[in-house]
Structure formats: structure tokens, C-alpha cells
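Undergrad: Take this structure, written in C-alpha cells, and hold onto it; I'll ask about it next.
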Amino acid sequence: MVRQVTVRQVGGSLGATLPKEIADRLRLAAGDRLFVTETERGILLSPFDPEVEKQLAVAGKLAKKHRHALRELAR
């Protein structure tokens with residue numbers, strides 16, 4: 001879905017308002033945090049922190065590598 005939004009001055013920053021139907025579909029509410037990531041195709045808005053995603057990937061690799069030790073620790 002492609003929608004056009006207008007960028008407005010908000011204090012010393014710029015802001016864009018998401019249309020209500022998009023916010024409803026994505027279950028966004030006032031006060032929710034979004035992360036802005038620059039890509040080669042433009043910007044990506046996501047509720048997921050890319051740093052946490054990287055950390056979880058590393059943790060998953062470690063858990064797989066040391067699964068036997070982790071299983072023993074869990075006992």
C-alpha cells in the first residue's frame with residue numbers, strides 16, 4: 001500500500017502523520033516507539049530495534065553451539 005504523507009515542522013524536528021487506517025492495521029497507538037532505518041530504497045519504520053535483533057541472532061548461535069551445556073545448566 002502506497003500512501004502520501006506531508007512532513008511538518010514539530011518544534012525543532014520534522015514529523016509525518018500516519019493515516020489512521022494504516023496505524024489501525026499495524027496496531028500502533030500514541031506513545032508507541034518506532035525505529036527509523038535508512039536503506040538504499042529509502043527509510044524503513046519498524047517497531048523492532050535493529051540492535052536487539054542482531055544481539056538475538058548472536059545469542060541464538062551461541063545457544064545452538066552450547067545447547068548441551070545449557071541443557072545441563074537448566075537442570
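Here's how to read the names in the C-alpha cells: chain A, B, ... by the order shown, residue numbers from 1 in each chain, ligand numbers from 1 in the order shown.
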List every residue of chain A that DSSP, applied to the backbone of this structure, places in strand (DSSP E), and write the result as number ranges by chain.
TA: A: 7-10, 13-16, 35-39, 42-46
Undergrad: With only C-alpha atoms as the counted atoms, please give the residues lying no more than 8 Å from region 16-23 of chain A, apart from itself and same-chain residues fewer than 5 positions off, as a list of chain:residue names.
TA: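 Residues meeting the cut-off are A:Val5, A:Thr6, A:Val7, A:Arg8, A:Leu28, A:Ala29.
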Undergrad: Quote the spacing between CA of Glu53 (chain A) and CA of Phe35 (chain A) in Å to one decimal place.
TA: 12.1 Å
Undergrad: Please identify which residues in chain A DSSP calls alpha helix (DSSP H) from the backbone, and express them as an MDAnalysis selection string.
TA: chainID A and resid 20:25 50:65 67:74
Undergrad: Could you jot down the CA of Lys61 (chain A) to CA of Leu73 (chain A) separation for me, Å, one decimal place?
TA: 17.4 Å
Undergrad: What does the structure give for the distance between CA of Gln55 (chain A) and CA of Arg33 (chain A), in Å to one decimal?
TA: 19.2 Å
Undergrad: With only C-alpha atoms as the basis for distance, which of A:Ser46, A:Gln9, A:Gln4, A:Thr39 is at the shortest distance from Leu26 (chain A)?
TA: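 Smallest distance to Leu26 (chain A) is found for A:Ser46.
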